[in-house]
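So the structure is just underneath, and the comments pick up after that.
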Amino acid sequence: MLSSFEQLLSKYAEITVHIGLGLRPGQRLMIRAPIEAAPFVRLVAASAYQAGCRYVEVQWSDEQLDLIRFQHAPRDSFDEFPAYRTNGRLEYARNGDASLAVYAENPDLLKDQDPQLIATAMRTYRKHNKPIMELLQRGAFNWCVVSIPIPSWSSKVFPSLPAHEAQAKLWEAIFKVCRLEDADPVESWKGHLSDLSARSQYLTNRQYSALHIKGPGTDLTIGLPPGHIWVSGQAKDVNGITFLPNIPTEETFTTPHKDRVNGMVTATMPLSYAGSLIEEFSLTFENGVVTNYQAKTGEHLLGTLLETDEGARRLGEIALVPHSSPISQSGILFYNTLFDENAASHLALGSAYREALEQGIEMSDDEFTAAGGNDSQVHQDFMIGSNEIDIFGIYKDGSHETIMKQGEWAFTI
């Protein structure tokens with residue numbers, strides 16, 4: 001007889017395959033995961049095959065091998081990359097096959113390593129990953145990101161607990177915020193996604209000209225392009241497959257106009273980026289571009305992110321999340337963007353999602369840029385929401401209405 005944990009883990013795998021990926025019979029599945037995720041990945045593979053998957057391929061990663069490379073590899077070798085890994089993923093993406101990423105990492109893994117080497121490694125990876133991201137932006141395949149506790153991450157979240165207790169507590173939190181402890185998780189997800197969809201439709205119908213975000217250390221106006229679309233947790237690829245890019249998800253998002261962002265914004269949570277933390281940071285925008293930035297910790301790393309390319313200094317996403325979301329109410333700082341971005345409203349530096357602009361998927365690159373969409377090799381979320389944030393929708397005539405008050409929705413559906 002399965003234990004309670006094993007039952008919940010099996011539910012997690014099934015939700016990942018059926019709700020997250022929306023896997024169709026005949027598709028193949030590419031999984032990227034840390035080696036610690038092997039028990040979960042095996043359950044996902046079994047569920048995928050039972051759903052009619054033709055083949056499951058797994059690309060494993062090991063954070064300790066990554067650290068060893070930074071400690072001992074030749075300093076001039078960080079612009080090298082095993083292209084076969086992204087070539088394999090590209091083959092699956094072009095074929096319209098499904099893609100799953102199990103995202104779990106130690107947020108402090110590379111904190112003592114050379115920031116320039118980290119920047120070189122990230123730049124090299126993005127160069128090879130760009131063709132896959134372009135297909136993702138155009139909805140060429142169904143994909144999902146989930147997470148599982150690994151010892152290093154669990155101990156960061158719960159530093160006062162022994163390692164095994166920290167990991168068990170993080171599993172408990174993940175099961176809860178992913179609605180796996182509900183009597184019928186599938187129905188719970190359907191109801192939640194229906195609510196998100198209704199809020200997205202409400203906001204899309206308003207067609208605000210801009211948003212004004214006000215809070216401690218934040219006074220930011222974000223212009224919105226004509227024809228912008230607010231997108232809920234679900235997405236649909238060009239093959240008509242409905243999928244859930246992130247589990248969990250609490251957001252509704254759209255694309256800002258890349259040239260119409262002005263003011264200052266202060267992050268409300270640390271950002272886990274490239275194996276290090278960027279903490280207590282703020283950005284100043286003028287006509288869409290970051291002109292000044294500061295951070296208490298990780299300022300140099302923030303600078304390397306902004307210097308990736310011209311588009312990295314502009315916004316590609318504004319996402320609204322109520323402070324009452326289950327993740328926020330857990331009271332846990334996850335140090336993991338997948339969870340933390342669903343605890344608070346957030347922005348993203350870098351590329352915009354084409355689905356968030358009318359006809360965006362069909363547009364050429366030049367047309368998308370001319371319409372206000374941003375293009376970049378990066379898409380990096382950072383959290384700005386709290387129970388002290390107010391957000392207003394501004395119409396073309398200058399009138400406005402409250403969308404969020406003290407971090408909560410100010411309208412009913």
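Chain labels A, B, ... are given in the sequence in which chains occur in the structure tokens; within each chain residues are numbered consecutively from 1, and ligands are likewise numbered from 1 in the order shown.
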
Discussion item. I'd like the neighbourhood of Ile150 (chain A) as a PyMOL selection string, where a residue qualifies if any of its atoms comes within 8 Å (using only C-alpha atoms), though same-chain residues fewer than 3 positions away should be ignored.
Written reply: chain A and resi 36-37+104-105+153-154+167

Writer output for current selection, C-alpha atoms, as an mmCIF file, in the first residue's frame:
```
data_model
loop_
_atom_site.group_PDB
_atom_site.id
_atom_site.type_symbol
_atom_site.label_atom_id
_atom_site.label_comp_id
_atom_site.auth_asym_id
_atom_site.auth_seq_id
_atom_site.Cartn_x
_atom_site.Cartn_y
_atom_site.Cartn_z
ATOM 1 C CA GLU A 36 18.012 14.278 -7.280
ATOM 2 C CA ALA A 37 14.661 14.353 -9.115
ATOM 3 C CA ALA A 104 15.467 23.068 -8.480
ATOM 4 C CA GLU A 105 18.783 24.635 -7.577
ATOM 5 C CA TRP A 153 17.658 24.320 -1.683
ATOM 6 C CA SER A 154 15.597 22.893 1.207
ATOM 7 C CA GLN A 167 13.383 18.583 2.678
#
```

Discussion item. Give me the residues near Gly398 (chain A) as a list in words, where near means some atom within 10 Å (using only C-alpha atoms) and where sequence neighbours in that chain fewer than 4 positions away do not count.
Written reply: Tyr208, Ser209, Ala210, Gly393 and Ile394 of chain A

Item to complete: as a VMD selection string, list the residues of region 110-234 of chain A assigned to strand (DSSP E or B) by DSSP on the backbone atoms of this structure.
Response: chain A and resid 143 to 146 210 to 215 218 to 223 228 231

For the selection just defined, write its residues with C-alpha atoms to a file, as a PDB file, in the first residue's frame.
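Writing the result to again.pdb gives the following:
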```pdb
ATOM      1  CA  TRP A 143       5.878  22.998 -22.118  1.00  0.00           C
ATOM      2  CA  CYS A 144       5.797  23.115 -18.337  1.00  0.00           C
ATOM      3  CA  VAL A 145       8.083  23.962 -15.402  1.00  0.00           C
ATOM      4  CA  VAL A 146       7.674  22.243 -12.023  1.00  0.00           C
ATOM      5  CA  ALA A 210      -0.973  52.250 -18.973  1.00  0.00           C
ATOM      6  CA  LEU A 211      -0.640  50.924 -15.441  1.00  0.00           C
ATOM      7  CA  HIS A 212       0.557  52.936 -12.449  1.00  0.00           C
ATOM      8  CA  ILE A 213       2.203  50.971  -9.628  1.00  0.00           C
ATOM      9  CA  LYS A 214       2.627  52.698  -6.278  1.00  0.00           C
ATOM     10  CA  GLY A 215       4.215  51.395  -3.081  1.00  0.00           C
ATOM     11  CA  THR A 218       8.029  52.118  -6.117  1.00  0.00           C
ATOM     12  CA  ASP A 219       6.399  54.733  -8.334  1.00  0.00           C
ATOM     13  CA  LEU A 220       6.304  53.264 -11.808  1.00  0.00           C
ATOM     14  CA  THR A 221       4.167  53.886 -14.894  1.00  0.00           C
ATOM     15  CA  ILE A 222       4.066  51.106 -17.475  1.00  0.00           C
ATOM     16  CA  GLY A 223       2.611  51.857 -20.892  1.00  0.00           C
ATOM     17  CA  HIS A 228      -2.444  43.834 -25.566  1.00  0.00           C
ATOM     18  CA  VAL A 231      -3.042  35.918 -20.343  1.00  0.00           C
TER      19      VAL A 231
END
```

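Taking CA of Met133 (chain A) and CA of Thr16 (chain A) as endpoints, the distance between them is 21.0 Å.
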